[in-house]
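For reference, data-v5.cif is printed below; it contains mmCIF, C-alpha atoms.
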```cif
data_model
loop_
_atom_site.label_atom_id
_atom_site.label_comp_id
_atom_site.auth_asym_id
_atom_site.auth_seq_id
_atom_site.Cartn_x
_atom_site.Cartn_y
_atom_site.Cartn_z
CA MET Z 1 126.51 -80.49 56.95
CA LYS Z 2 128.79 -83.50 56.56
CA ASN Z 3 127.43 -86.91 57.60
CA LYS Z 4 123.92 -86.11 56.44
CA THR Z 5 122.03 -87.17 53.35
CA VAL Z 6 120.96 -84.17 51.31
CA LEU Z 7 118.67 -84.20 48.29
CA TYR Z 8 119.25 -81.24 45.97
CA LEU Z 9 116.53 -80.32 43.48
CA THR Z 10 116.37 -77.78 40.70
CA LYS Z 11 114.49 -77.10 37.53
CA ASP Z 12 116.65 -74.16 36.52
CA LYS Z 13 120.13 -75.71 36.24
CA SER Z 14 121.89 -78.33 34.17
CA SER Z 15 123.10 -81.46 35.97
CA ALA Z 16 126.69 -80.12 35.75
CA ALA Z 17 125.68 -76.81 37.36
CA LEU Z 18 123.71 -78.63 40.07
CA LYS Z 19 126.71 -80.88 40.81
CA ARG Z 20 128.95 -77.86 41.33
CA ALA Z 21 126.39 -75.97 43.43
CA ALA Z 22 125.65 -79.05 45.56
CA LEU Z 23 129.35 -79.75 46.21
CA ASP Z 24 129.91 -76.14 47.20
CA ASP Z 25 126.89 -76.20 49.51
CA TYR Z 26 127.62 -79.57 51.10
CA PHE Z 27 131.41 -79.40 51.50
CA GLY Z 28 132.42 -75.84 50.65
CA SER Z 29 134.47 -77.42 47.85
CA GLY Z 30 135.02 -80.86 46.41
CA GLU Z 31 135.74 -82.80 43.28
CA ILE Z 32 133.55 -85.14 41.25
CA GLY Z 33 134.83 -87.76 38.82
CA VAL Z 34 133.10 -90.29 36.61
CA LEU Z 35 133.67 -94.05 36.53
CA PRO Z 36 133.99 -95.78 33.13
CA SER Z 37 130.37 -96.91 33.59
CA GLY Z 38 129.29 -93.24 33.72
CA LYS Z 39 128.53 -93.27 37.45
CA PRO Z 40 129.52 -89.99 39.13
CA VAL Z 41 131.76 -90.34 42.19
CA ILE Z 42 133.01 -87.88 44.77
CA LEU Z 43 136.81 -87.86 44.55
CA SER Z 44 137.34 -85.43 47.38
CA PRO Z 45 136.63 -85.42 50.14
CA GLU Z 46 136.68 -89.21 50.34
CA GLY Z 47 133.99 -91.30 51.99
CA TYR Z 48 130.94 -89.72 50.36
CA PHE Z 49 128.59 -90.89 47.65
CA ILE Z 50 126.56 -89.15 44.95
CA SER Z 51 123.77 -90.03 42.57
CA VAL Z 52 122.11 -87.86 39.93
CA SER Z 53 118.90 -88.14 37.92
CA HIS Z 54 116.94 -85.91 35.59
CA SER Z 55 113.57 -86.07 33.88
CA GLY Z 56 111.01 -83.60 32.54
CA GLY Z 57 113.22 -80.56 33.13
CA VAL Z 58 113.93 -81.43 36.78
CA VAL Z 59 117.40 -82.39 38.03
CA ALA Z 60 117.90 -84.19 41.34
CA LEU Z 61 121.14 -85.03 43.11
CA VAL Z 62 121.80 -86.75 46.42
CA ILE Z 63 124.99 -86.66 48.49
CA SER Z 64 125.38 -89.04 51.42
CA ASP Z 65 127.91 -90.71 53.67
CA THR Z 66 126.35 -94.07 52.70
CA PRO Z 67 126.08 -95.60 49.21
CA VAL Z 68 122.95 -94.26 47.52
CA GLY Z 69 121.11 -94.43 44.24
CA LEU Z 70 118.55 -91.91 43.01
CA ASP Z 71 116.03 -91.93 40.21
CA ILE Z 72 113.26 -89.55 39.19
CA GLU Z 73 110.81 -89.99 36.32
CA GLU Z 74 108.03 -87.74 35.14
CA VAL Z 75 104.86 -89.84 35.08
CA ARG Z 76 103.56 -89.85 31.55
CA GLU Z 77 101.55 -92.14 29.32
CA PHE Z 78 103.56 -94.34 27.00
CA ASP Z 79 103.77 -97.99 25.96
CA PHE Z 80 105.86 -99.49 28.78
CA SER Z 81 105.05 -103.13 27.89
CA HIS Z 82 108.47 -103.80 26.33
CA LEU Z 83 110.36 -102.46 29.37
CA LYS Z 84 108.02 -104.32 31.73
CA GLU Z 85 108.64 -107.66 29.99
CA ARG Z 86 112.36 -107.14 29.48
CA PHE Z 87 113.45 -105.77 32.86
CA LEU Z 88 110.94 -106.43 35.62
CA SER Z 89 110.78 -109.49 37.86
CA GLU Z 90 107.56 -111.53 38.03
CA ARG Z 91 106.66 -109.84 41.34
CA GLU Z 92 107.27 -106.38 39.88
CA LYS Z 93 105.26 -107.20 36.74
CA SER Z 94 102.29 -108.07 38.93
CA GLU Z 95 102.46 -104.61 40.55
CA VAL Z 96 102.25 -102.75 37.23
CA LYS Z 97 98.73 -101.85 36.16
CA ASP Z 98 99.20 -98.44 34.49
CA ALA Z 99 101.85 -95.81 33.75
CA ALA Z 100 101.89 -94.48 37.34
CA SER Z 101 102.47 -97.93 38.85
CA PHE Z 102 105.09 -98.71 36.18
CA PHE Z 103 107.08 -95.61 37.10
CA ASN Z 104 106.80 -96.38 40.83
CA VAL Z 105 108.45 -99.75 40.18
CA TRP Z 106 110.90 -98.42 37.57
CA VAL Z 107 112.43 -95.69 39.77
CA LYS Z 108 113.18 -98.28 42.45
CA LYS Z 109 114.87 -100.54 39.91
CA GLU Z 110 116.93 -97.67 38.46
CA ALA Z 111 117.85 -96.25 41.87
CA GLU Z 112 119.10 -99.61 43.14
CA ALA Z 113 121.14 -100.12 39.95
CA LYS Z 114 122.77 -96.72 40.52
CA ILE Z 115 124.10 -97.69 43.95
CA SER Z 116 126.74 -99.91 42.35
CA GLY Z 117 126.87 -98.12 39.02
CA ASP Z 118 126.36 -101.42 37.19
CA GLY Z 119 123.33 -100.07 35.32
CA ILE Z 120 119.80 -101.24 34.76
CA PHE Z 121 120.89 -104.38 32.89
CA SER Z 122 122.36 -105.70 36.15
CA MET Z 123 118.83 -105.66 37.61
CA ARG Z 124 117.16 -107.37 34.65
CA GLY Z 125 114.52 -109.80 35.91
CA LYS Z 126 115.64 -109.47 39.53
CA ASP Z 127 113.57 -108.26 42.45
CA THR Z 128 114.81 -105.11 44.11
CA SER Z 129 116.29 -105.61 47.58
CA ALA Z 130 117.33 -102.12 48.70
CA LEU Z 131 115.54 -99.83 51.14
CA PHE Z 132 113.60 -97.13 49.32
CA THR Z 133 112.61 -93.66 50.42
CA SER Z 134 109.97 -92.07 48.22
CA LEU Z 135 110.73 -88.57 46.95
CA SER Z 136 107.69 -88.39 44.69
CA LYS Z 137 105.95 -85.70 46.73
CA GLU Z 138 108.99 -83.40 46.92
CA VAL Z 139 109.82 -83.68 43.21
CA SER Z 140 106.18 -83.35 42.12
CA LEU Z 141 105.77 -80.19 44.22
CA LEU Z 142 108.86 -78.62 42.66
CA ALA Z 143 107.86 -79.58 39.12
CA GLY Z 144 104.16 -78.80 39.42
CA ARG Z 145 103.27 -82.16 37.87
CA ASP Z 146 103.35 -85.87 38.75
CA PHE Z 147 106.73 -87.56 39.30
CA SER Z 148 107.85 -90.89 40.71
CA ALA Z 149 111.14 -90.62 42.57
CA CYS Z 150 113.13 -92.43 45.24
CA ILE Z 151 116.45 -92.84 47.01
CA ALA Z 152 117.76 -96.41 47.31
CA THR Z 153 120.17 -97.47 50.09
CA PHE Z 154 121.09 -100.64 51.93
CA GLN Z 155 120.76 -98.99 55.33
CA PRO Z 156 118.16 -96.52 56.60
CA VAL Z 157 118.84 -92.82 56.00
CA SER Z 158 117.09 -89.63 56.85
CA TYR Z 159 117.51 -86.71 54.50
CA ILE Z 160 116.91 -83.04 54.03
CA VAL Z 161 115.82 -81.33 50.83
CA LYS Z 162 117.41 -78.22 49.36
CA GLU Z 163 116.29 -76.43 46.23
CA LEU Z 164 119.17 -74.79 44.37
#
```
Could you quickly redo this structure as structure tokens?
Amino acid sequence: MKNKTVLYLTKDKSSAALKRAALDDYFGSGEIGVLPSGKPVILSPEGYFISVSHSGGVVALVISDTPVGLDIEEVREFDFSHLKERFLSEREKSEVKDAASFFNVWVKKEAEAKISGDGIFSMRGKDTSALFTSLSKEVSLLAGRDFSACIATFQPVSYIVKEL
């Protein structure tokens, strides 16, 4: 399966258990480490990238041969005005009308920040510039409720989905 982008989804495992199961499925074996920033990295085999996200009891993980970022968020009502003003660019602010549109913008921002591992503060007030592939349908189907989700990359990828 090497040289493919694979999205792993579960609602029955912890993120640590999903990491192990995904590595075993993708490579047969492998080793994950963590950068000081908290970003998970694949130590072996070299040349692969990983991103993990969890929300509302769902855990998602992507492995790819290109740098990737992943974010999932359960769509829910809450006061997002502080996050909107603090983190979003003017263009992004204009796109946000309700909780669903906020989460659609937010997952892109988070996913792009995860590519480098620099965190959401590195994206504060900046427009996103990555390519985004929506995963909202796949995650929502698994969860049985509404999610916003995406993969961010700087080059086009196709992916397959596996539930573990």
- Query: Which residues match the PyMOL selection byres ((chain Z and resi 150) around 8) in the file above, as JSON, numbers by chain?
  - Reply: {"Z": [70, 71, 72, 107, 108, 111, 132, 133, 134, 135, 136, 148, 149, 151, 152]}
Just to be explicit: take each residue in the selection above, keep C-alpha atoms, and write the result as an mmCIF file, keeping the file's coordinate frame.
```cif
data_model
loop_
_atom_site.group_PDB
_atom_site.id
_atom_site.type_symbol
_atom_site.label_atom_id
_atom_site.label_comp_id
_atom_site.auth_asym_id
_atom_site.auth_seq_id
_atom_site.Cartn_x
_atom_site.Cartn_y
_atom_site.Cartn_z
ATOM 1 C CA LEU Z 70 118.550 -91.910 43.010
ATOM 2 C CA ASP Z 71 116.030 -91.930 40.210
ATOM 3 C CA ILE Z 72 113.260 -89.550 39.190
ATOM 4 C CA VAL Z 107 112.430 -95.690 39.770
ATOM 5 C CA LYS Z 108 113.180 -98.280 42.450
ATOM 6 C CA ALA Z 111 117.850 -96.250 41.870
ATOM 7 C CA PHE Z 132 113.600 -97.130 49.320
ATOM 8 C CA THR Z 133 112.610 -93.660 50.420
ATOM 9 C CA SER Z 134 109.970 -92.070 48.220
ATOM 10 C CA LEU Z 135 110.730 -88.570 46.950
ATOM 11 C CA SER Z 136 107.690 -88.390 44.690
ATOM 12 C CA SER Z 148 107.850 -90.890 40.710
ATOM 13 C CA ALA Z 149 111.140 -90.620 42.570
ATOM 14 C CA ILE Z 151 116.450 -92.840 47.010
ATOM 15 C CA ALA Z 152 117.760 -96.410 47.310
#
```
- Message: When you look at stretch 81-83 of chain Z with a cut-off of 12 Å (counting only C-alpha atoms), what residues show up, excluding the ones that are within fewer than 5 positions of it in the same chain? I need them as a ChimeraX atom specification.
- Response: /Z:88-89,92-93,96-99,102-103,105-106,109,120-121,124-125
- Result set, the PyMOL selection byres ((chain Z and resi 144) around 12) on current file, as a list in words: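 On this input, the PyMOL selection byres ((chain Z and resi 144) around 12) captures Lys11, Gly56, Gly57, Val58, Glu74, Val75, Ser136, Lys137, Glu138, Val139, Ser140, Leu141, Leu142, Ala143, Arg145, Asp146 and Phe147 of chain Z.
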- Query: atom CA of Z:Ser29 and atom CA of Z:Glu110, how far apart in Å?
  - Reply: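 Taking atom CA of Z:Glu110 and atom CA of Z:Ser29, their separation equals 28.4 Å.
Between atom CA of Z:Ile32 and atom CA of Z:Ser44 lies a distance of 7.2 Å.
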- Task: Would you mind listing what lies within 12 Å of Z:Leu43 as a list in words, with all atoms listed in the file counted and same-chain residues fewer than 4 positions away left out?
- Result: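 Non-adjacent residues within range: Leu23, Ser29, Gly30, Glu31, Ile32, Gly33, Val34, Leu35, Gly47, Tyr48, Phe49 and Ile50 of chain Z.
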- Item | Atomic separation - atom CA of Z:Val161 relative to atom CA of Z:Asn104, Å | 20.2 Å
